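File shown: query12.cif. Contents: mmCIF, C-alpha atoms.
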data_data
#
loop_
_atom_site.label_atom_id
_atom_site.label_comp_id
_atom_site.auth_asym_id
_atom_site.auth_seq_id
_atom_site.Cartn_x
_atom_site.Cartn_y
_atom_site.Cartn_z
CA MET E 1 1.05 5.16 -39.97
CA SER E 2 -2.65 5.78 -39.64
CA GLY E 3 -3.28 7.51 -36.29
CA VAL E 4 -6.99 6.68 -36.38
CA VAL E 5 -6.35 2.95 -36.84
CA PHE E 6 -3.70 2.99 -34.09
CA ILE E 7 -5.94 4.78 -31.56
CA GLU E 8 -8.92 2.64 -32.50
CA THR E 9 -6.88 -0.57 -32.09
CA VAL E 10 -5.67 0.47 -28.63
CA ARG E 11 -9.16 1.71 -27.64
CA ARG E 12 -10.82 -1.52 -28.73
CA HIS E 13 -8.43 -3.49 -26.55
CA VAL E 14 -8.39 -1.35 -23.41
CA THR E 15 -12.18 -0.97 -23.36
CA ASN E 16 -12.77 -4.68 -23.84
CA VAL E 17 -14.21 -6.24 -20.68
CA ALA E 18 -12.27 -9.51 -21.11
CA TYR E 19 -9.02 -7.56 -21.51
CA LEU E 20 -9.71 -5.55 -18.36
CA ILE E 21 -10.61 -8.64 -16.33
CA VAL E 22 -7.42 -10.39 -17.46
CA LEU E 23 -5.38 -7.28 -16.67
CA LEU E 24 -6.91 -7.13 -13.18
CA LEU E 25 -6.14 -10.81 -12.60
CA PHE E 26 -2.53 -10.35 -13.70
CA ALA E 27 -2.18 -7.33 -11.42
CA ILE E 28 -3.48 -9.38 -8.46
CA VAL E 29 -1.13 -12.29 -9.26
CA ALA E 30 1.83 -9.90 -9.57
CA CYS E 31 0.88 -8.19 -6.31
CA ILE E 32 0.79 -11.54 -4.48
CA ALA E 33 4.09 -12.63 -6.10
CA GLY E 34 5.74 -9.40 -4.96
CA ALA E 35 4.28 -9.68 -1.44
CA ILE E 36 5.59 -13.24 -0.93
CA GLY E 37 9.00 -12.24 -2.31
CA ALA E 38 8.96 -14.42 -5.44
CA THR E 39 11.48 -13.76 -8.22
CA PRO E 40 10.62 -10.38 -9.83
CA GLY E 41 8.50 -10.92 -12.94
CA MET E 42 7.91 -14.65 -12.38
CA TRP E 43 4.31 -14.08 -13.54
CA THR E 44 5.37 -13.04 -17.06
CA GLY E 45 4.79 -16.60 -18.34
CA ILE E 46 1.00 -16.32 -18.03
CA VAL E 47 0.94 -12.78 -19.40
CA ASN E 48 2.93 -14.09 -22.37
CA LEU E 49 -0.02 -16.33 -23.30
CA ALA E 50 -2.42 -13.38 -23.24
CA GLY E 51 0.06 -11.40 -25.36
CA ILE E 52 0.12 -14.18 -27.95
CA VAL E 53 -3.69 -14.21 -28.05
CA LEU E 54 -3.70 -10.45 -28.77
CA ALA E 55 -0.84 -10.50 -31.27
CA CYS E 56 -2.12 -13.42 -33.35
CA GLN E 57 -5.37 -11.53 -34.00
CA LEU E 58 -3.49 -8.71 -35.66
CA ILE E 59 -4.49 -9.48 -39.22
CA GLY E 60 -5.75 -13.04 -39.93
CA PRO E 61 -9.03 -12.90 -37.97
CA GLU E 62 -9.66 -9.38 -39.36
CA PHE E 63 -9.66 -11.02 -42.77
CA SER E 64 -11.97 -13.86 -41.73
CA SER E 65 -14.45 -11.60 -39.94
CA GLY E 66 -14.76 -9.31 -42.96
CA THR E 67 -13.44 -6.23 -41.12
CA LEU E 68 -10.42 -6.08 -43.40
CA GLN E 69 -12.56 -6.11 -46.55
CA LEU E 70 -14.56 -3.15 -45.23
CA VAL E 71 -11.48 -1.16 -44.24
CA LEU E 72 -9.63 -1.79 -47.49
CA ALA E 73 -12.65 -0.74 -49.57
CA LYS E 74 -11.56 2.79 -48.61
CA PRO E 75 -8.42 4.41 -50.06
CA VAL E 76 -6.31 3.41 -47.08
CA ASN E 77 -2.64 2.71 -47.63
CA ARG E 78 -2.24 -0.95 -46.76
CA SER E 79 1.21 -0.60 -45.17
CA SER E 80 0.06 2.33 -43.01
CA TYR E 81 -2.93 0.28 -41.92
CA LEU E 82 -0.80 -2.76 -41.06
CA VAL E 83 1.83 -0.72 -39.19
CA ALA E 84 -0.89 1.10 -37.22
CA ARG E 85 -2.59 -2.20 -36.29
CA TYR E 86 0.80 -3.63 -35.32
CA CYS E 87 1.69 -0.63 -33.12
CA GLY E 88 -1.73 -0.69 -31.48
CA VAL E 89 -1.45 -4.38 -30.61
CA VAL E 90 2.12 -3.95 -29.30
CA VAL E 91 0.96 -1.09 -27.04
CA ALA E 92 -2.04 -3.12 -25.79
CA THR E 93 0.32 -6.03 -25.04
CA ALA E 94 2.84 -3.75 -23.31
CA ILE E 95 0.07 -2.50 -20.97
CA LEU E 96 -0.57 -6.13 -19.95
CA PHE E 97 3.03 -6.32 -18.74
CA ALA E 98 3.44 -2.77 -17.42
CA VAL E 99 0.50 -2.68 -15.01
CA PRO E 100 1.34 -5.97 -13.19
CA ALA E 101 5.03 -4.93 -13.12
CA VAL E 102 4.08 -1.76 -11.20
CA PHE E 103 1.97 -3.80 -8.76
CA ASP E 104 4.77 -6.36 -8.34
CA ALA E 105 7.38 -3.68 -7.59
CA GLY E 106 4.95 -1.72 -5.38
CA SER E 107 4.14 -4.74 -3.21
CA ARG E 108 7.88 -5.45 -2.79
CA VAL E 109 8.49 -1.89 -1.66
CA PHE E 110 5.55 -1.87 0.80
CA ALA E 111 5.74 -5.45 2.08
CA HIS E 112 9.50 -5.97 2.20
CA HIS E 113 10.78 -2.36 2.22
CA GLU E 114 12.94 -3.21 -0.79
CA HIS E 115 14.50 -0.36 -2.74
CA LEU E 116 12.98 0.25 -6.13
CA THR E 117 15.51 -1.05 -8.66
CA ALA E 118 15.58 -1.41 -12.44
CA SER E 119 16.09 -5.17 -12.08
CA MET E 120 12.52 -5.48 -10.71
CA PHE E 121 11.24 -4.39 -14.11
CA ALA E 122 13.80 -6.14 -16.33
CA LEU E 123 11.98 -9.43 -16.93
CA PRO E 124 8.52 -7.89 -17.60
CA ALA E 125 10.06 -5.18 -19.81
CA ASN E 126 12.14 -7.68 -21.80
CA THR E 127 9.19 -10.05 -22.21
CA ALA E 128 7.04 -7.16 -23.42
CA MET E 129 9.81 -6.15 -25.83
CA SER E 130 9.98 -9.70 -27.20
CA PHE E 131 6.50 -8.99 -28.59
CA ILE E 132 8.05 -6.42 -30.93
CA ILE E 133 9.31 -9.36 -32.98
CA ALA E 134 6.56 -11.84 -32.07
CA ALA E 135 3.79 -9.45 -33.20
CA ALA E 136 5.74 -8.63 -36.39
CA LEU E 137 6.01 -12.36 -37.16
CA PHE E 138 2.28 -12.78 -36.52
CA ALA E 139 1.68 -9.88 -38.92
CA LEU E 140 3.96 -11.47 -41.53
CA PHE E 141 2.40 -14.93 -41.24
CA GLY E 142 -1.08 -13.40 -41.05
CA SER E 143 -0.44 -11.43 -44.24
CA MET E 144 -0.11 -14.65 -46.18
CA SER E 145 -2.74 -16.75 -44.41
CA ARG E 146 -6.24 -16.60 -42.96
CA SER E 147 -7.83 -16.81 -39.54
CA TYR E 148 -5.48 -18.21 -36.89
CA ILE E 149 -3.18 -20.05 -39.32
CA ASN E 150 -0.50 -17.48 -38.42
CA LEU E 151 -0.48 -18.92 -34.90
CA ALA E 152 0.10 -22.42 -36.29
CA ILE E 153 2.92 -21.24 -38.57
CA TYR E 154 4.53 -19.39 -35.65
CA PHE E 155 4.51 -22.32 -33.24
CA ILE E 156 5.49 -24.92 -35.86
CA SER E 157 8.45 -22.74 -36.95
CA GLU E 158 9.54 -22.19 -33.34
CA THR E 159 9.27 -25.88 -32.45
CA MET E 160 11.08 -27.01 -35.61
CA LEU E 161 13.94 -24.54 -35.17
CA TYR E 162 14.49 -25.36 -31.49
CA ALA E 163 14.31 -29.09 -32.27
CA ALA E 164 16.78 -28.72 -35.17
CA MET E 165 19.12 -26.78 -32.88
CA ALA E 166 19.02 -29.53 -30.23
CA VAL E 167 19.47 -32.30 -32.82
CA LEU E 168 22.48 -30.55 -34.39
CA ARG E 169 24.11 -30.09 -30.97
CA ALA E 170 23.49 -33.76 -30.11
CA ILE E 171 25.00 -34.88 -33.42
CA GLU E 172 27.98 -32.57 -32.98
CA ASN E 173 28.71 -33.82 -29.47
CA GLY E 174 27.90 -37.48 -30.23
CA SER E 175 29.71 -40.18 -32.17
CA TYR E 176 27.38 -40.73 -35.12
CA ALA E 177 28.48 -41.33 -38.72
CA VAL E 178 27.80 -37.67 -39.60
CA SER E 179 29.32 -36.26 -36.39
CA PRO E 180 32.80 -35.63 -37.88
CA PHE E 181 31.23 -33.55 -40.66
CA PHE E 182 29.38 -31.31 -38.20
CA GLN E 183 32.43 -31.12 -35.91
CA ALA E 184 34.49 -29.94 -38.88
CA HIS E 185 31.79 -27.39 -39.80
CA PRO E 186 30.66 -25.87 -36.47
CA GLY E 187 29.23 -22.91 -38.41
CA ILE E 188 26.14 -24.99 -39.29
CA ALA E 189 25.09 -25.45 -35.65
CA ILE E 190 26.10 -21.88 -34.76
CA GLY E 191 24.12 -20.51 -37.72
CA MET E 192 21.05 -22.55 -36.74
CA THR E 193 21.31 -21.32 -33.15
CA LYS E 194 21.67 -17.70 -34.27
CA LEU E 195 18.68 -17.99 -36.62
CA THR E 196 16.52 -19.46 -33.84
CA ARG E 197 17.62 -16.88 -31.26
CA ASN E 198 16.99 -14.06 -33.74
CA LEU E 199 13.48 -15.17 -34.66
CA PHE E 200 12.38 -16.47 -31.26
CA PRO E 201 14.66 -14.73 -28.75
CA GLU E 202 15.00 -16.02 -25.22
CA VAL E 203 14.10 -13.37 -22.70
CA THR E 204 16.91 -12.28 -20.40
CA GLN E 205 16.52 -11.16 -16.78
CA THR E 206 18.69 -8.08 -17.16
CA PHE E 207 18.57 -5.06 -19.41
CA ASP E 208 20.84 -5.63 -22.37
CA TRP E 209 20.80 -2.96 -25.05
CA ARG E 210 22.30 -5.34 -27.65
CA TRP E 211 19.43 -7.77 -27.10
CA THR E 212 16.91 -4.93 -27.30
CA LEU E 213 18.40 -3.67 -30.54
CA MET E 214 18.32 -7.21 -31.95
CA VAL E 215 14.62 -7.54 -31.09
CA VAL E 216 13.77 -4.11 -32.53
CA SER E 217 15.73 -4.62 -35.76
CA ASN E 218 14.38 -8.11 -36.40
CA GLY E 219 10.86 -6.89 -35.64
CA ALA E 220 11.30 -3.98 -38.08
CA VAL E 221 12.50 -6.29 -40.86
CA ALA E 222 9.65 -8.77 -40.24
CA LEU E 223 7.13 -5.91 -40.28
CA LEU E 224 8.54 -4.56 -43.55
CA LEU E 225 8.28 -8.04 -45.09
CA ALA E 226 4.69 -8.24 -43.80
CA CYS E 227 3.92 -4.90 -45.54
CA LEU E 228 5.46 -6.17 -48.80
CA VAL E 229 3.33 -9.34 -48.70
CA PHE E 230 0.18 -7.53 -47.56
CA ARG E 231 0.26 -4.80 -50.23
CA ASP E 232 -0.49 -7.29 -53.03
CA ARG E 233 -2.77 -9.56 -51.07
CA GLU E 234 -6.13 -10.38 -52.59
CA VAL E 235 -8.90 -9.53 -50.14
CA PRO E 236 -12.12 -10.92 -51.68
CA TYR E 237 -15.49 -10.41 -50.00
CA GLY E 238 -16.96 -13.39 -48.22
CA ALA E 239 -13.65 -15.23 -48.19
CA ASP E 240 -14.42 -17.35 -45.14
CA MET B 1 -10.45 -6.63 -54.21
CA VAL B 2 -7.35 -5.48 -56.12
CA PRO B 3 -5.42 -2.71 -54.35
CA THR B 4 -4.85 0.58 -56.17
CA ASP B 5 -1.32 1.97 -56.63
CA ASN B 6 -1.96 4.39 -53.79
CA GLN B 7 -2.79 1.53 -51.48
CA ARG B 8 0.24 -0.51 -52.52
CA THR B 9 2.98 2.05 -51.85
CA ILE B 10 5.33 1.31 -48.98
CA PRO B 11 5.75 4.64 -47.13
CA ARG B 12 9.25 6.06 -47.45
CA VAL B 13 9.29 6.89 -43.73
CA LEU B 14 8.82 3.21 -42.94
CA LEU B 15 11.64 2.22 -45.30
CA ALA B 16 13.93 4.86 -43.78
CA ILE B 17 13.19 3.81 -40.19
CA VAL B 18 13.77 0.11 -40.94
CA ALA B 19 17.01 0.93 -42.81
CA LEU B 20 18.28 3.04 -39.88
CA ILE B 21 17.51 0.33 -37.33
CA VAL B 22 19.16 -2.37 -39.44
CA ILE B 23 22.28 -0.21 -39.99
CA ALA B 24 22.49 0.43 -36.22
CA ARG B 25 22.22 -3.31 -35.56
CA VAL B 26 24.93 -4.18 -38.09
CA ALA B 27 27.22 -1.49 -36.63
CA VAL B 28 26.69 -2.85 -33.11
CA GLU B 29 27.35 -6.42 -34.26
CA LEU B 30 30.67 -5.28 -35.74
CA MET B 31 31.70 -3.57 -32.49
CA PRO B 32 33.97 -5.56 -30.14
CA LYS B 33 31.90 -7.03 -27.33
CA GLY B 34 34.51 -7.00 -24.56
CA VAL B 35 34.07 -8.35 -21.06
CA ARG B 36 30.56 -8.00 -19.65
CA HIS B 37 29.82 -7.17 -16.10
CA GLU B 38 26.68 -5.41 -15.21
CA GLY B 39 24.77 -4.29 -12.17
CA ASN B 40 26.10 -2.58 -9.07
CA SER B 41 29.13 -4.80 -8.58
CA ARG B 42 31.84 -3.30 -6.37
CA VAL B 43 34.28 -6.04 -7.29
CA ASN B 44 37.25 -5.04 -9.44
CA TRP B 45 36.93 -7.80 -12.03
CA VAL B 46 40.08 -8.72 -13.88
CA PRO B 47 40.03 -9.75 -17.56
CA LEU B 48 40.31 -13.50 -18.05
CA GLU B 49 43.65 -13.30 -19.88
CA ASP B 50 45.27 -11.22 -17.09
CA ALA B 51 44.16 -13.47 -14.22
CA LYS B 52 47.07 -15.91 -14.04
CA PRO B 53 49.89 -13.32 -14.37
CA ARG B 54 48.23 -11.14 -11.72
CA ALA B 55 47.73 -14.09 -9.39
CA ALA B 56 51.39 -15.12 -9.79
CA GLN B 57 52.57 -11.56 -9.17
CA SER B 58 50.37 -10.90 -6.13
CA HIS B 59 50.51 -14.47 -4.69
CA LYS B 60 46.72 -14.54 -4.55
CA MET B 61 44.28 -17.22 -5.62
CA ILE B 62 41.96 -16.68 -8.56
CA LEU B 63 38.20 -16.54 -7.91
CA TYR B 64 36.27 -17.34 -11.09
CA GLU B 65 32.57 -16.51 -11.16
CA PHE B 66 30.88 -18.26 -14.08
CA SER B 67 27.51 -16.73 -14.91
CA ALA B 68 25.07 -15.98 -17.73
CA ALA B 69 22.78 -13.03 -18.47
CA TRP B 70 19.63 -15.18 -18.22
CA CYS B 71 20.62 -16.73 -14.89
CA GLY B 72 18.40 -15.49 -12.04
CA PRO B 73 20.53 -16.75 -9.12
CA CYS B 74 23.56 -15.03 -10.74
CA GLN B 75 21.70 -11.70 -10.58
CA MET B 76 20.83 -12.39 -6.97
CA MET B 77 24.47 -13.11 -6.16
CA GLU B 78 25.42 -9.89 -7.97
CA ARG B 79 23.04 -7.92 -5.71
CA GLU B 80 23.74 -9.70 -2.43
CA VAL B 81 27.46 -10.44 -2.69
CA PHE B 82 29.26 -8.41 -5.35
CA ALA B 83 27.34 -5.20 -4.53
CA ASP B 84 28.00 -5.66 -0.80
CA ALA B 85 30.84 -3.36 0.30
CA ARG B 86 32.30 -5.70 2.92
CA LEU B 87 32.23 -8.85 0.78
CA ALA B 88 33.49 -6.97 -2.28
CA THR B 89 36.44 -5.63 -0.26
CA ARG B 90 37.26 -9.15 0.89
CA ILE B 91 37.13 -10.45 -2.66
CA ASN B 92 39.28 -7.60 -3.98
CA THR B 93 41.94 -7.98 -1.28
CA GLU B 94 42.10 -11.76 -1.02
CA PHE B 95 41.57 -12.89 -4.61
CA VAL B 96 42.09 -12.06 -8.24
CA PRO B 97 38.41 -11.99 -9.23
CA VAL B 98 37.37 -13.01 -12.75
CA HIS B 99 33.83 -12.70 -14.08
CA VAL B 100 33.19 -15.17 -16.92
CA VAL B 101 29.90 -14.65 -18.77
CA ASP B 102 28.52 -17.46 -20.90
CA ARG B 103 26.95 -16.20 -24.18
CA GLN B 104 26.02 -19.60 -25.60
CA GLN B 105 22.27 -18.98 -25.34
CA GLU B 106 22.40 -15.49 -26.84
CA GLU B 107 25.02 -15.90 -29.53
CA GLY B 108 25.26 -19.64 -30.11
CA SER B 109 28.89 -19.84 -29.05
CA ASN B 110 31.46 -18.44 -26.63
CA PRO B 111 34.89 -16.97 -27.33
CA PRO B 112 37.55 -19.78 -27.27
CA ASP B 113 39.10 -18.55 -23.99
CA VAL B 114 35.70 -18.67 -22.23
CA ASP B 115 35.00 -22.13 -23.65
CA GLY B 116 38.46 -23.29 -22.57
CA VAL B 117 38.18 -22.15 -18.95
CA GLN B 118 34.62 -23.54 -18.65
CA ARG B 119 35.80 -26.92 -19.96
CA LEU B 120 38.86 -26.86 -17.66
CA TYR B 121 36.70 -26.49 -14.54
CA GLY B 122 33.76 -28.58 -15.79
CA VAL B 123 31.21 -25.75 -15.67
CA ARG B 124 27.74 -27.20 -16.38
CA ALA B 125 25.48 -24.83 -14.44
CA PHE B 126 25.34 -21.18 -13.41
CA PRO B 127 26.48 -19.69 -11.20
CA THR B 128 29.60 -21.75 -10.58
CA LEU B 129 32.36 -20.43 -8.35
CA VAL B 130 35.89 -21.75 -8.73
CA VAL B 131 38.97 -20.97 -6.70
CA ALA B 132 42.23 -21.83 -8.43
CA ASP B 133 45.89 -21.09 -7.87
CA ALA B 134 48.07 -19.07 -10.24
CA ASN B 135 48.83 -22.21 -12.27
CA GLY B 136 45.13 -22.87 -12.76
CA SER B 137 45.02 -25.88 -10.41
CA LEU B 138 41.58 -26.31 -8.86
CA ILE B 139 41.36 -25.55 -5.15
CA GLY B 140 37.61 -25.20 -4.58
CA ARG B 141 34.47 -25.36 -6.65
CA VAL B 142 30.76 -24.86 -5.93
CA GLU B 143 27.68 -24.86 -8.15
CA GLY B 144 24.65 -22.65 -7.45
CA TYR B 145 24.12 -19.78 -5.07
CA GLY B 146 23.18 -20.38 -1.45
CA GLY B 147 23.24 -16.83 -0.09
CA PRO B 148 25.94 -14.46 1.24
CA ASP B 149 26.81 -16.69 4.23
CA ALA B 150 27.35 -19.75 2.03
CA PHE B 151 29.45 -17.63 -0.32
CA GLU B 152 31.63 -16.40 2.55
CA HIS B 153 31.98 -19.94 3.87
CA PHE B 154 33.13 -21.04 0.39
CA ILE B 155 35.81 -18.35 0.07
CA ASP B 156 37.00 -19.06 3.64
CA ALA B 157 37.48 -22.76 2.97
CA PRO B 158 40.34 -22.58 0.42
CA ARG B 159 42.27 -20.12 2.59
CA THR B 160 42.14 -22.35 5.65
CA SER B 161 43.06 -25.50 3.76
CA HIS B 162 45.67 -23.97 1.43
#
Translate the structure of the given file into structure tokens.
Amino acid sequence: MSGVVFIETVRRHVTNVAYLIVLLLFAIVACIAGAIGATPGMWTGIVNLAGIVLACQLIGPEFSSGTLQLVLAKPVNRSSYLVARYCGVVVATAILFAVPAVFDAGSRVFAHHEHLTASMFALPANTAMSFIIAAALFALFGSMSRSYINLAIYFISETMLYAAMAVLRAIENGSYAVSPFFQAHPGIAIGMTKLTRNLFPEVTQTFDWRWTLMVVSNGAVALLLACLVFRDREVPYGAD
Amino acid sequence: MVPTDNQRTIPRVLLAIVALIVIARVAVELMPKGVRHEGNSRVNWVPLEDAKPRAAQSHKMILYEFSAAWCGPCQMMEREVFADARLATRINTEFVPVHVVDRQQEEGSNPPDVDGVQRLYGVRAFPTLVVADANGSLIGRVEGYGGPDAFEHFIDAPRTSH
């Protein structure tokens, strides 16, 4: 991994005025949520959106803006570059969750005299960890597309898989002509569910090391695939 | 811009790290999952398959708690009821407590015994509390979590009417 690219990626995010304003807003929202005694981490939904905005810019927009062409004109190993960019974006996203989580827990302790517990941090930590795989998928889809097309591929895949899962369950539990087939082969619906949960995991409200390992391993495989695609990618000047 | 060989190489360290993580994941998937109960629970949960024999032997009713890892109110009940010393002592002395965790969302399916007991008591939401006798006959059932007082009221009701 290229240390310079990693540090530069993190620096560019944390010194960006928009990033800092958004971080401040999230911290205020989390502080208010903690002070009124809302469910710990209920604010993670809005931070999730900001995380997606950061993660989808990992590689596609770099290509369209011409930054990638300039960087790859130097003898930089492409995989090292991609992994460093990925790690930098994951760290920048994790900060977006970590800072509000501290404010949320702090306001609970001061306003309600609650004891500091791990469960206060579970939802923000798990949501941040879900970006290990989300960012890797954005890197993979971005390695084979331009601009923000990775975002479209990501959301279309997620929607299609969740829809297919729901349709299969409905067929299995219904009385359609094909229902007996799916009832006799429950592995099809189970396999579809497992595929969906592995690619787009639902965030749990407790720490679960199996879930964490699943997210890390799937993220690692997606990132390796992204490196394999990216190493042979044509990066012509003036592409967009 | 065509990458040079030096630019194309996948670093061995990256390959090794990914391989290690994947091996760890496969090993964990092959491990038996067992009965889950997390948090600071002071309740002595009994495995699902032992519940009926224990209830018959001790002449106690069975208290099933149906929950899921993603269920927020279940975590709240864990903190406010099952981690509470007084309530936990009541549960341990008056019931055979069974903690049934739904893994449908995480793993796509539940073990057959979990599916069977959920179907038997019509569990559609989490948490659901069920009190049953040693034969499995339903005595009391409540969906959702309404706080420690509501919980205590629920476990009092079957005793007074049974």
The PyMOL selection byres ((chain E) within 6 of (chain B)) resolved against shown file, as a PyMOL selection string: chain E and resi 76-79+190+193-194+204-205+217+220+231+234-236
Could you list the residues chosen by the PyMOL selection byres ((chain B and resi 57-59) around 12) in this structure as a PyMOL selection string? chain B and resi 50-56+60-62+92-96+132-135
Excluding same-chain residues fewer than 3 positions from stretch 113-128 of chain B, what lies within 12 Å of it counting all atoms listed in the file, as JSON, numbers by chain? {"B": [34, 35, 47, 48, 49, 50, 51, 52, 63, 64, 65, 66, 67, 68, 69, 70, 71, 72, 73, 74, 75, 76, 77, 78, 98, 99, 100, 101, 102, 103, 104, 108, 109, 110, 131, 132, 136, 137, 138, 139, 140, 141, 142, 143, 144, 145, 146, 147, 151, 154]}
To verify the selection step, state as a PyMOL selection string which residues the PyMOL selection byres ((chain E and resi 211) around 10) yields on this input. (chain E and resi 126+129-130+198+201-204+206-210+212-217) or (chain B and resi 25+106)
With all atoms listed in the file counted, which protein, DNA or RNA residues have an atom no more than 12 Å from (13.6, -25.4, -26.9) in the file frame? Please answer as a short mmCIF file (atom, residue, chain, number, x, y, z; two decimals) with C-alpha atoms, in the frame of the given file.
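Done, and the output landed in result_24.cif:
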data_model
loop_
_atom_site.label_atom_id
_atom_site.label_comp_id
_atom_site.auth_asym_id
_atom_site.auth_seq_id
_atom_site.Cartn_x
_atom_site.Cartn_y
_atom_site.Cartn_z
CA PHE E 155 4.51 -22.32 -33.24
CA SER E 157 8.45 -22.74 -36.95
CA GLU E 158 9.54 -22.19 -33.34
CA THR E 159 9.27 -25.88 -32.45
CA MET E 160 11.08 -27.01 -35.61
CA LEU E 161 13.94 -24.54 -35.17
CA TYR E 162 14.49 -25.36 -31.49
CA ALA E 163 14.31 -29.09 -32.27
CA ALA E 164 16.78 -28.72 -35.17
CA MET E 165 19.12 -26.78 -32.88
CA ALA E 166 19.02 -29.53 -30.23
CA VAL E 167 19.47 -32.30 -32.82
CA THR E 193 21.31 -21.32 -33.15
CA THR E 196 16.52 -19.46 -33.84
CA ARG E 197 17.62 -16.88 -31.26
CA PHE E 200 12.38 -16.47 -31.26
CA PRO E 201 14.66 -14.73 -28.75
CA GLU E 202 15.00 -16.02 -25.22
CA GLN B 105 22.27 -18.98 -25.34
#
Separation of atom CA of E:Phe138 from atom CA of E:Ala152 in Å: 9.9 Å
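We find atom CA of E:Trp43 and atom CA of B:Phe82 to be spaced 26.9 Å apart.
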Do you have the atom CA of E:Glu8-atom CA of E:Phe103 distance handy?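 Spanning atom CA of E:Glu8 to atom CA of E:Phe103 is a straight-line distance of 26.9 Å.
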Dump as a ChimeraX atom specification all residues having an atom at most 8 Å from (7.0, -10.5, -8.7), computed in the file's coordinates with only C-alpha atoms. /E:30-35,37-43,101,104-105,108,120
Rank nothing, just name the residue among E:Ala122, E:Ser147, E:Cys227, E:Val178 nearest to E:Arg85, using all atoms listed in the file. E:Cys227
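Distance check against B:Arg42 using all atoms listed in the file: of B:Leu129, B:Ile91, B:Ala83, B:Ala157, the minimum falls on B:Ala83.
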Could you tell me which of B:Arg12, B:Ser41, B:Pro97, B:Pro111 comes closest to B:Ala85 if we count only C-alpha atoms? B:Ser41
Using only C-alpha atoms: which of B:Thr89, B:Asp84, B:Val130, B:Ala16 has the shortest distance to B:Asn44: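 Nearest candidate to B:Asn44 out of B:Thr89, B:Asp84, B:Val130, B:Ala16: B:Thr89.
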